[in-house]
Amino acid sequence: LDFWRLLYVLLKQIHGGRWTESDAIGAQVRFVKSALWYHGYGRPQLQRLPADGSVGSRELLLAFSWLLHSLHLLEHLLVQNRLQTGDEASVCTCEDELPTSQEGTTEAGPEGRVDVRYLQWLNGRLRLQWCSLHAQHQEQCKLLHKIHLFTNGSHMDQNLGHFSVTETDLIRQPENYKQLLQLLESETMQLEAFLEWKQLEPVYWRWMETVLDNMAEERNTGESQDAHVEKRRLPEVTSCCPWTDKLTGQMDRLSRDLMALQEQLHQLVAQRKAAWWEKVAAREELEKERFSATARKIQESVELKLRGLTSLHAPKKNEMHGSCRLVLRSKPTASKMGFGGCVSRKAVSAVGAAEVIRELQVRETSLQRELEQLRQECRHRLDEIAGGLEGVICICP
């Protein structure tokens with residue numbers, strides 16, 4: 001039960017949900033099974049465990065070890081529970097692979113019709129919420145700029161020079177300092193425990209290797225015992241039953257009949273396969289023209305995307321991804337930071353806001369070009385559909 005609760009609490013933190021001690025053990029077990037299945041742990045022995053949590057300690061140990069190795073569980077929890085004392089912003093200039101126009105397109109048939117007015121309403125609602133979120137984000141940026149500007153030159157760290165929102169709140173309300181100190185001590189204890197775990201981690205994985213070896217030996221032993229019982233079962237019956245000779249003769253005849261049927265089946269399969277290959281060859285001749293047209297369309301799409309590249313042999317820039325601390329700079333220089341403390345796997349140097357804006361503008365231009373291409377393809381597709389309708393006049397809104 002303790003192991004089920006441990007996995008329940010850890011997976012709840014990963015998924016950003018709330019957990020309480022009052023949750024029933026059945027609900028916890030179901031959540032753990034579904035969450036592990038969602039992350040790709042498809043071991044059937046775990047799914048067969050009862051919902052009361054009474055058995056399955058070794059299966060839960062394997063699942064816990066799988067989370068440690070595949071999801072980097074401890075590192076993920078440390079980053080998620082990290083105490084943020086500075087003003088940070090998410091920066092991402094990674095180039096995601098855009099899907100082609102043929103992928104993900106489905107034709108709405110008579111069974112799955114969707115009202116266009118409902119889609120327009122959803123689109124308008126999404127735009128309204130997006131504009132509201134954008135306005136709130138702009139207001140937050142203005143307030144952050146005021147705090148950084150008014151407190152500029154007050155910080156002891158010359159690289160920062162100004163206070164963050166948390167530091168400003170501590171100055172206004174010093175009584176919250178004890179609570180922040182407790183949180184910092186808790187995070188320090190977690191980091192110390194993580195360092196101790198990294199020293200003992202090789203011992204843990206050697207132990208897990210022995211657990212897997214024992215499970216493999218038990219499985220092989222069980223299979224050999226089952227095979228031994230199956231081998232001994234028929235001689236025991238033969239020696240104690242007088243009618244086994246007649247039954248054995250009938251089984252031999254059935255075996256011969258099955259062998260004959262198997263040979264006939266192989267011959268029939270060979271004939272069907274030969275006829276199928278003849279049909280495929282004839283179909284390939286007919287599909288050559290369609291294939292050529294499809295190849296031309298793909299080539300045109302590739303050429304269109306290549307035109308948007310400014311330089312094919314330009315050195316690849318370091319992609320920025322992670323959370324960076326906001327630092328106010330009047331004139332960004334190479335030695336001073338515009339963003340600082342970037343949380344990423346690679347050591348990313350300080351970057352200014354102007355550089356990030358330029359990168360995002362280039363990305364926006366590429367996405368706009370891709371969007372226009374998709375719109376043109378949709379227009380051509382709608383023209384083809386409208387051309388097949390007789391007696392119908394389509395008027396654009």
# chains A, B, ... in the order shown; residues from 1 in each chain; ligands from 1

call {"tool": "residues_around", "arguments": {"residues": "A:Asp2", "least_positions_apart": "2", "cutoff": "12 Å", "atoms": "only C-alpha atoms", "output": "compact mmCIF listing (two decimals) with C-alpha atoms, in the first residue's frame"}}
result
# COMPACT_ATOMS: atom_id res chain seq x y z
CA TRP A 4 1.11 2.41 -4.39
CA ARG A 5 0.72 5.70 -2.48
CA LEU A 6 4.30 6.70 -3.32
CA LEU A 7 3.78 6.19 -7.05
CA TYR A 8 0.41 7.95 -6.82
CA VAL A 9 1.93 11.05 -5.20
CA GLU A 21 -4.79 11.44 1.87
CA ILE A 25 -6.77 3.11 -2.57
CA GLN A 28 -4.99 5.55 -6.50
CA VAL A 29 -4.29 2.15 -8.08
CA GLY A 53 -3.25 -2.82 -3.53
CA SER A 54 -2.60 -5.96 -1.49
CA VAL A 55 0.07 -7.52 -3.76
CA GLY A 56 2.61 -6.51 -6.38
CA SER A 57 5.57 -5.02 -4.51
CA LEU A 60 5.80 -1.66 -8.39
CA LEU A 61 9.55 -1.67 -7.81

call {"tool": "select_by_dssp", "arguments": {"residues": "stretch 132-265 of chain A", "states": "alpha helix (DSSP H)", "output": "compact mmCIF listing (two decimals) with N, CA, C and O atoms, in the first residue's frame"}}
result
# COMPACT_ATOMS: atom_id res chain seq x y z
N SER A 132 -7.32 38.39 -24.84
CA SER A 132 -7.36 38.69 -23.41
C SER A 132 -6.07 38.26 -22.72
O SER A 132 -5.50 38.99 -21.90
N LEU A 133 -5.58 37.07 -23.07
CA LEU A 133 -4.33 36.59 -22.49
C LEU A 133 -3.15 37.47 -22.90
O LEU A 133 -2.27 37.78 -22.08
N HIS A 134 -3.15 37.89 -24.15
CA HIS A 134 -2.08 38.75 -24.63
C HIS A 134 -2.09 40.11 -23.91
O HIS A 134 -1.04 40.64 -23.53
N ALA A 135 -3.28 40.65 -23.68
CA ALA A 135 -3.39 41.92 -22.97
C ALA A 135 -2.91 41.79 -21.52
O ALA A 135 -2.20 42.67 -21.00
N GLN A 136 -3.27 40.70 -20.87
CA GLN A 136 -2.81 40.48 -19.50
C GLN A 136 -1.30 40.32 -19.44
O GLN A 136 -0.64 40.82 -18.52
N HIS A 137 -0.73 39.63 -20.42
CA HIS A 137 0.72 39.46 -20.46
C HIS A 137 1.42 40.80 -20.69
O HIS A 137 2.47 41.08 -20.07
N GLN A 138 0.87 41.63 -21.54
CA GLN A 138 1.44 42.96 -21.74
C GLN A 138 1.38 43.79 -20.47
O GLN A 138 2.35 44.50 -20.12
N GLU A 139 0.28 43.73 -19.74
CA GLU A 139 0.17 44.46 -18.48
C GLU A 139 1.19 43.95 -17.46
O GLU A 139 1.79 44.74 -16.72
N GLN A 140 1.38 42.63 -17.42
CA GLN A 140 2.38 42.08 -16.51
C GLN A 140 3.78 42.56 -16.87
O GLN A 140 4.58 42.90 -15.98
N CYS A 141 4.09 42.62 -18.16
CA CYS A 141 5.41 43.11 -18.58
C CYS A 141 5.61 44.58 -18.20
O CYS A 141 6.71 44.98 -17.77
N LYS A 142 4.57 45.38 -18.32
CA LYS A 142 4.68 46.79 -17.94
C LYS A 142 4.96 46.94 -16.44
O LYS A 142 5.80 47.74 -16.02
N LEU A 143 4.24 46.15 -15.62
CA LEU A 143 4.45 46.22 -14.18
C LEU A 143 5.85 45.73 -13.81
O LEU A 143 6.51 46.30 -12.92
N LEU A 144 6.32 44.66 -14.46
CA LEU A 144 7.67 44.18 -14.19
C LEU A 144 8.71 45.24 -14.55
O LEU A 144 9.69 45.45 -13.83
N HIS A 145 8.48 45.92 -15.67
CA HIS A 145 9.43 46.97 -16.08
C HIS A 145 9.45 48.11 -15.07
O HIS A 145 10.52 48.68 -14.77
N LYS A 146 8.30 48.46 -14.51
CA LYS A 146 8.27 49.53 -13.50
C LYS A 146 9.05 49.12 -12.25
O LYS A 146 9.82 49.91 -11.70
N ILE A 147 8.84 47.87 -11.81
CA ILE A 147 9.55 47.41 -10.61
C ILE A 147 11.05 47.39 -10.87
O ILE A 147 11.85 47.84 -10.03
N HIS A 148 11.47 46.87 -12.01
CA HIS A 148 12.90 46.82 -12.32
C HIS A 148 13.51 48.23 -12.46
O HIS A 148 14.65 48.46 -12.07
N LEU A 149 12.72 49.15 -13.02
CA LEU A 149 13.23 50.51 -13.23
C LEU A 149 13.35 51.27 -11.91
O LEU A 149 14.34 51.95 -11.65
N PHE A 150 12.33 51.13 -11.03
CA PHE A 150 12.34 51.88 -9.78
C PHE A 150 13.37 51.34 -8.79
O PHE A 150 13.86 52.07 -7.95
N VAL A 165 10.25 40.70 -8.26
CA VAL A 165 8.95 40.88 -7.59
C VAL A 165 8.99 40.25 -6.20
O VAL A 165 8.48 40.83 -5.22
N THR A 166 9.59 39.07 -6.09
CA THR A 166 9.67 38.41 -4.78
C THR A 166 10.50 39.22 -3.81
O THR A 166 10.12 39.40 -2.64
N GLU A 167 11.64 39.73 -4.26
CA GLU A 167 12.49 40.53 -3.39
C GLU A 167 11.82 41.85 -2.98
O GLU A 167 11.94 42.31 -1.84
N THR A 168 11.11 42.45 -3.91
CA THR A 168 10.38 43.68 -3.59
C THR A 168 9.28 43.43 -2.57
O THR A 168 9.06 44.23 -1.65
N ASP A 169 8.61 42.28 -2.70
CA ASP A 169 7.56 41.95 -1.75
C ASP A 169 8.14 41.68 -0.37
O ASP A 169 7.51 42.01 0.65
N LEU A 170 9.34 41.09 -0.31
CA LEU A 170 9.98 40.86 0.99
C LEU A 170 10.36 42.18 1.66
O LEU A 170 10.30 42.30 2.89
N ILE A 171 10.75 43.17 0.89
CA ILE A 171 11.08 44.48 1.46
C ILE A 171 9.82 45.16 2.02
O ILE A 171 9.84 45.77 3.09
N ARG A 172 8.71 45.00 1.31
CA ARG A 172 7.48 45.62 1.76
C ARG A 172 6.86 44.85 2.93
O ARG A 172 6.24 45.45 3.82
N TYR A 177 9.67 36.77 5.29
CA TYR A 177 11.04 36.30 5.12
C TYR A 177 11.23 34.92 5.73
O TYR A 177 11.95 34.07 5.18
N LYS A 178 10.58 34.65 6.88
CA LYS A 178 10.73 33.35 7.53
C LYS A 178 10.17 32.24 6.65
O LYS A 178 10.75 31.16 6.53
N GLN A 179 9.04 32.50 6.02
CA GLN A 179 8.45 31.50 5.15
C GLN A 179 9.35 31.21 3.95
O GLN A 179 9.57 30.05 3.57
N LEU A 180 9.93 32.26 3.35
CA LEU A 180 10.85 32.06 2.24
C LEU A 180 12.09 31.31 2.68
O LEU A 180 12.61 30.44 1.96
N LEU A 181 12.58 31.60 3.88
CA LEU A 181 13.74 30.90 4.40
C LEU A 181 13.45 29.42 4.59
O LEU A 181 14.28 28.56 4.29
N GLN A 182 12.26 29.10 5.08
CA GLN A 182 11.89 27.69 5.23
C GLN A 182 11.82 26.98 3.89
O GLN A 182 12.26 25.83 3.75
N LEU A 183 11.28 27.65 2.89
CA LEU A 183 11.21 27.04 1.55
C LEU A 183 12.61 26.82 0.98
O LEU A 183 12.88 25.78 0.35
N LEU A 184 13.51 27.78 1.21
CA LEU A 184 14.87 27.62 0.71
C LEU A 184 15.59 26.49 1.44
O LEU A 184 16.34 25.71 0.81
N GLU A 185 15.38 26.35 2.73
CA GLU A 185 15.98 25.24 3.46
C GLU A 185 15.43 23.90 2.98
O GLU A 185 16.19 22.92 2.86
N SER A 186 14.14 23.84 2.71
CA SER A 186 13.55 22.60 2.19
C SER A 186 14.14 22.24 0.83
O SER A 186 14.46 21.08 0.57
N GLU A 187 14.29 23.23 -0.03
CA GLU A 187 14.89 22.95 -1.34
C GLU A 187 16.35 22.54 -1.21
O GLU A 187 16.82 21.65 -1.94
N THR A 188 17.06 23.11 -0.27
CA THR A 188 18.45 22.70 -0.04
C THR A 188 18.53 21.26 0.44
O THR A 188 19.40 20.49 0.00
N MET A 189 17.61 20.86 1.31
CA MET A 189 17.58 19.47 1.76
C MET A 189 17.28 18.52 0.60
O MET A 189 17.87 17.44 0.50
N GLN A 190 16.40 18.92 -0.29
CA GLN A 190 16.11 18.08 -1.46
C GLN A 190 17.33 17.94 -2.35
O GLN A 190 17.63 16.85 -2.85
N LEU A 191 18.06 19.03 -2.55
CA LEU A 191 19.27 18.96 -3.38
C LEU A 191 20.34 18.09 -2.72
O LEU A 191 21.04 17.33 -3.41
N GLU A 192 20.49 18.19 -1.41
CA GLU A 192 21.45 17.34 -0.72
C GLU A 192 21.07 15.86 -0.82
O GLU A 192 21.93 15.00 -1.02
N ALA A 193 19.76 15.59 -0.68
CA ALA A 193 19.31 14.20 -0.84
C ALA A 193 19.54 13.70 -2.26
O ALA A 193 19.90 12.53 -2.48
N PHE A 194 19.36 14.56 -3.23
CA PHE A 194 19.60 14.16 -4.62
C PHE A 194 21.07 13.86 -4.86
O PHE A 194 21.42 12.90 -5.56
N LEU A 195 21.97 14.67 -4.28
CA LEU A 195 23.41 14.40 -4.42
C LEU A 195 23.79 13.08 -3.76
O LEU A 195 24.59 12.31 -4.29
N GLU A 196 23.18 12.80 -2.61
CA GLU A 196 23.46 11.52 -1.96
C GLU A 196 22.94 10.36 -2.80
O GLU A 196 23.57 9.29 -2.90
N TRP A 197 21.79 10.55 -3.43
CA TRP A 197 21.23 9.50 -4.29
C TRP A 197 22.14 9.25 -5.49
O TRP A 197 22.36 8.10 -5.89
N LYS A 198 22.70 10.30 -6.08
CA LYS A 198 23.58 10.12 -7.24
C LYS A 198 24.82 9.31 -6.88
O LYS A 198 25.35 8.58 -7.72
N GLN A 199 25.28 9.41 -5.63
CA GLN A 199 26.42 8.62 -5.21
C GLN A 199 26.07 7.15 -5.03
O GLN A 199 26.88 6.26 -5.31
N LEU A 200 24.84 6.88 -4.58
CA LEU A 200 24.41 5.50 -4.34
C LEU A 200 23.64 4.90 -5.51
O LEU A 200 23.22 3.74 -5.44
N GLU A 201 23.43 5.65 -6.57
CA GLU A 201 22.63 5.15 -7.69
C GLU A 201 23.22 3.90 -8.34
O GLU A 201 22.46 2.97 -8.67
N PRO A 202 24.54 3.79 -8.56
CA PRO A 202 25.06 2.54 -9.16
C PRO A 202 24.73 1.30 -8.33
O PRO A 202 24.47 0.23 -8.90
N VAL A 203 24.73 1.42 -7.01
CA VAL A 203 24.38 0.28 -6.16
C VAL A 203 22.92 -0.12 -6.40
O VAL A 203 22.59 -1.32 -6.47
N TYR A 204 22.05 0.87 -6.54
CA TYR A 204 20.63 0.58 -6.77
C TYR A 204 20.42 -0.17 -8.09
O TYR A 204 19.67 -1.15 -8.15
N TRP A 205 21.10 0.25 -9.14
CA TRP A 205 20.89 -0.40 -10.43
C TRP A 205 21.50 -1.79 -10.47
O TRP A 205 20.98 -2.68 -11.16
N ARG A 206 22.59 -2.01 -9.72
CA ARG A 206 23.11 -3.38 -9.63
C ARG A 206 22.12 -4.29 -8.91
O ARG A 206 21.94 -5.45 -9.28
N TRP A 207 21.47 -3.74 -7.89
CA TRP A 207 20.44 -4.51 -7.20
C TRP A 207 19.27 -4.82 -8.15
O TRP A 207 18.73 -5.92 -8.14
N MET A 208 18.87 -3.85 -8.96
CA MET A 208 17.77 -4.09 -9.90
C MET A 208 18.15 -5.14 -10.93
O MET A 208 17.28 -5.89 -11.40
N GLU A 209 19.41 -5.22 -11.32
CA GLU A 209 19.83 -6.28 -12.23
C GLU A 209 19.63 -7.65 -11.61
O GLU A 209 19.17 -8.59 -12.28
N THR A 210 19.93 -7.80 -10.32
CA THR A 210 19.70 -9.08 -9.65
C THR A 210 18.20 -9.39 -9.56
O THR A 210 17.79 -10.55 -9.69
N VAL A 211 17.37 -8.37 -9.35
CA VAL A 211 15.92 -8.60 -9.32
C VAL A 211 15.42 -9.12 -10.66
O VAL A 211 14.63 -10.08 -10.74
N LEU A 212 15.88 -8.51 -11.75
CA LEU A 212 15.47 -8.96 -13.09
C LEU A 212 15.98 -10.37 -13.36
O LEU A 212 15.26 -11.19 -13.97
N ASP A 213 17.20 -10.68 -12.94
CA ASP A 213 17.72 -12.04 -13.13
C ASP A 213 16.90 -13.06 -12.37
O ASP A 213 16.60 -14.15 -12.90
N ASN A 214 16.51 -12.76 -11.15
CA ASN A 214 15.69 -13.68 -10.37
C ASN A 214 14.33 -13.89 -11.02
O ASN A 214 13.80 -15.01 -11.05
N MET A 215 13.74 -12.82 -11.56
CA MET A 215 12.44 -12.96 -12.24
C MET A 215 12.57 -13.82 -13.48
O MET A 215 11.70 -14.66 -13.77
N ALA A 216 13.67 -13.66 -14.23
CA ALA A 216 13.87 -14.49 -15.42
C ALA A 216 14.06 -15.96 -15.04
O ALA A 216 13.53 -16.87 -15.70
N GLU A 217 14.81 -16.24 -13.96
CA GLU A 217 15.00 -17.62 -13.52
C GLU A 217 13.68 -18.24 -13.07
O GLU A 217 13.38 -19.40 -13.39
N GLU A 218 12.87 -17.49 -12.34
CA GLU A 218 11.57 -18.02 -11.91
C GLU A 218 10.67 -18.31 -13.09
O GLU A 218 9.96 -19.34 -13.11
N ARG A 219 10.69 -17.45 -14.11
CA ARG A 219 9.86 -17.69 -15.27
C ARG A 219 10.33 -18.94 -16.04
O ARG A 219 9.51 -19.76 -16.46
N ASN A 220 11.65 -19.09 -16.19
CA ASN A 220 12.16 -20.27 -16.89
C ASN A 220 11.88 -21.55 -16.11
O ASN A 220 11.55 -22.58 -16.69
N THR A 221 11.99 -21.46 -14.78
CA THR A 221 11.69 -22.64 -13.96
C THR A 221 10.24 -23.03 -14.07
O THR A 221 9.89 -24.21 -14.20
N GLY A 222 9.36 -22.06 -14.05
CA GLY A 222 7.94 -22.35 -14.18
C GLY A 222 7.60 -22.97 -15.53
O GLY A 222 6.81 -23.92 -15.63
N GLU A 223 8.22 -22.47 -16.60
CA GLU A 223 7.96 -23.03 -17.93
C GLU A 223 8.48 -24.46 -18.04
O GLU A 223 7.84 -25.33 -18.63
N SER A 224 9.66 -24.75 -17.46
CA SER A 224 10.21 -26.10 -17.54
C SER A 224 9.36 -27.09 -16.74
O SER A 224 9.14 -28.22 -17.16
N GLN A 225 8.84 -26.64 -15.59
CA GLN A 225 7.96 -27.51 -14.82
C GLN A 225 6.67 -27.81 -15.56
O GLN A 225 6.18 -28.94 -15.57
N ASP A 226 6.10 -26.79 -16.21
CA ASP A 226 4.88 -27.02 -17.00
C ASP A 226 5.14 -27.98 -18.14
O ASP A 226 4.32 -28.87 -18.43
N ALA A 227 6.29 -27.85 -18.82
CA ALA A 227 6.61 -28.76 -19.92
C ALA A 227 6.82 -30.17 -19.41
O ALA A 227 6.41 -31.15 -20.05
N HIS A 228 7.44 -30.34 -18.23
CA HIS A 228 7.67 -31.66 -17.67
C HIS A 228 6.34 -32.34 -17.32
O HIS A 228 6.14 -33.53 -17.56
N VAL A 229 5.40 -31.58 -16.78
CA VAL A 229 4.08 -32.12 -16.46
C VAL A 229 3.36 -32.54 -17.71
O VAL A 229 2.72 -33.60 -17.78
N GLU A 230 3.46 -31.75 -18.79
CA GLU A 230 2.80 -32.10 -20.04
C GLU A 230 3.38 -33.36 -20.64
O GLU A 230 2.68 -34.19 -21.22
N LYS A 231 4.73 -33.56 -20.51
CA LYS A 231 5.35 -34.76 -21.05
C LYS A 231 4.93 -36.02 -20.28
O LYS A 231 4.76 -37.08 -20.86
N ARG A 232 4.76 -35.88 -18.99
CA ARG A 232 4.42 -37.03 -18.18
C ARG A 232 2.95 -37.36 -18.21
O ARG A 232 2.56 -38.46 -17.85
N ARG A 233 2.12 -36.44 -18.66
CA ARG A 233 0.69 -36.65 -18.56
C ARG A 233 0.22 -37.76 -19.48
O ARG A 233 -0.55 -38.64 -19.09
N LEU A 234 0.67 -37.82 -20.73
CA LEU A 234 0.19 -38.81 -21.70
C LEU A 234 0.63 -40.22 -21.36
O LEU A 234 -0.20 -41.14 -21.38
N PRO A 235 1.89 -40.50 -20.98
CA PRO A 235 2.24 -41.87 -20.59
C PRO A 235 1.45 -42.37 -19.39
O PRO A 235 1.09 -43.54 -19.35
N GLU A 236 1.16 -41.55 -18.41
CA GLU A 236 0.39 -42.00 -17.27
C GLU A 236 -1.01 -42.43 -17.69
O GLU A 236 -1.52 -43.47 -17.27
N VAL A 237 -1.62 -41.66 -18.58
CA VAL A 237 -2.96 -42.03 -19.05
C VAL A 237 -2.91 -43.30 -19.87
O VAL A 237 -3.77 -44.16 -19.79
N THR A 238 -1.84 -43.45 -20.68
CA THR A 238 -1.73 -44.62 -21.54
C THR A 238 -1.58 -45.90 -20.73
O THR A 238 -2.11 -46.94 -21.09
N SER A 239 -0.85 -45.81 -19.63
CA SER A 239 -0.60 -47.02 -18.85
C SER A 239 -1.78 -47.47 -18.02
O SER A 239 -1.89 -48.64 -17.68
N CYS A 240 -2.70 -46.56 -17.72
CA CYS A 240 -3.81 -46.93 -16.83
C CYS A 240 -5.14 -47.09 -17.55
O CYS A 240 -6.10 -47.50 -16.93
N THR A 244 -6.74 -46.67 -24.69
CA THR A 244 -5.84 -45.67 -25.25
C THR A 244 -5.28 -46.08 -26.61
O THR A 244 -4.93 -45.21 -27.42
N ASP A 245 -5.18 -47.40 -26.91
CA ASP A 245 -4.64 -47.82 -28.21
C ASP A 245 -5.55 -47.36 -29.34
O ASP A 245 -5.09 -46.85 -30.36
N LYS A 246 -6.88 -47.53 -29.13
CA LYS A 246 -7.82 -47.08 -30.16
C LYS A 246 -7.76 -45.56 -30.32
O LYS A 246 -7.78 -45.03 -31.45
N LEU A 247 -7.66 -44.86 -29.19
CA LEU A 247 -7.59 -43.41 -29.25
C LEU A 247 -6.31 -42.94 -29.94
O LEU A 247 -6.32 -41.99 -30.73
N THR A 248 -5.20 -43.65 -29.71
CA THR A 248 -3.94 -43.28 -30.36
C THR A 248 -4.03 -43.47 -31.86
O THR A 248 -3.53 -42.65 -32.66
N GLY A 249 -4.68 -44.56 -32.31
CA GLY A 249 -4.85 -44.77 -33.74
C GLY A 249 -5.69 -43.68 -34.39
O GLY A 249 -5.38 -43.19 -35.49
N GLN A 250 -6.75 -43.27 -33.69
CA GLN A 250 -7.57 -42.18 -34.23
C GLN A 250 -6.77 -40.87 -34.31
O GLN A 250 -6.89 -40.11 -35.27
N MET A 251 -5.94 -40.61 -33.32
CA MET A 251 -5.12 -39.40 -33.34
C MET A 251 -4.12 -39.45 -34.49
O MET A 251 -3.85 -38.43 -35.14
N ASP A 252 -3.56 -40.64 -34.79
CA ASP A 252 -2.63 -40.76 -35.91
C ASP A 252 -3.34 -40.47 -37.23
O ASP A 252 -2.79 -39.79 -38.11
N ARG A 253 -4.55 -41.01 -37.39
CA ARG A 253 -5.29 -40.73 -38.63
C ARG A 253 -5.61 -39.25 -38.76
O ARG A 253 -5.51 -38.67 -39.86
N LEU A 254 -6.00 -38.65 -37.66
CA LEU A 254 -6.28 -37.21 -37.70
C LEU A 254 -5.02 -36.42 -38.05
O LEU A 254 -5.08 -35.42 -38.79
N SER A 255 -3.88 -36.84 -37.56
CA SER A 255 -2.64 -36.15 -37.88
C SER A 255 -2.33 -36.25 -39.36
O SER A 255 -1.91 -35.27 -39.98
N ARG A 256 -2.52 -37.45 -39.95
CA ARG A 256 -2.27 -37.61 -41.39
C ARG A 256 -3.22 -36.74 -42.20
O ARG A 256 -2.83 -36.13 -43.19
N ASP A 257 -4.50 -36.71 -41.78
CA ASP A 257 -5.46 -35.86 -42.49
C ASP A 257 -5.07 -34.37 -42.40
O ASP A 257 -5.19 -33.62 -43.38
N LEU A 258 -4.60 -33.97 -41.22
CA LEU A 258 -4.19 -32.57 -41.06
C LEU A 258 -2.99 -32.24 -41.92
O LEU A 258 -2.89 -31.15 -42.49
N MET A 259 -2.03 -33.16 -42.03
CA MET A 259 -0.87 -32.93 -42.89
C MET A 259 -1.29 -32.78 -44.34
O MET A 259 -0.78 -31.92 -45.08
N ALA A 260 -2.25 -33.64 -44.79
CA ALA A 260 -2.72 -33.53 -46.16
C ALA A 260 -3.42 -32.19 -46.39
O ALA A 260 -3.21 -31.53 -47.42
N LEU A 261 -4.24 -31.78 -45.43
CA LEU A 261 -4.92 -30.49 -45.58
C LEU A 261 -3.92 -29.33 -45.58
O LEU A 261 -4.09 -28.35 -46.30
N GLN A 262 -2.86 -29.47 -44.80
CA GLN A 262 -1.84 -28.43 -44.78
C GLN A 262 -1.14 -28.30 -46.12
O GLN A 262 -0.88 -27.19 -46.61
N GLU A 263 -0.84 -29.43 -46.77
CA GLU A 263 -0.22 -29.39 -48.09
C GLU A 263 -1.15 -28.74 -49.11
O GLU A 263 -0.73 -27.92 -49.94
N GLN A 264 -2.46 -29.10 -49.06
CA GLN A 264 -3.41 -28.48 -49.98
C GLN A 264 -3.51 -26.97 -49.73
O GLN A 264 -3.61 -26.17 -50.67
N LEU A 265 -3.45 -26.58 -48.44
CA LEU A 265 -3.53 -25.16 -48.11
C LEU A 265 -2.32 -24.41 -48.66
O LEU A 265 -2.44 -23.30 -49.20

call {"tool": "atom_distance", "arguments": {"atom1": "atom CA of A:Arg325", "atom2": "atom CA of A:Ala89"}}
result
6.3 Å

call {"tool": "residues_around", "arguments": {"residues": "A:Leu328", "least_positions_apart": "6", "cutoff": "12 Å", "atoms": "only C-alpha atoms", "output": "number ranges by chain"}}
result
A: 87-88, 141, 144-153, 158-164, 336-340, 352-353
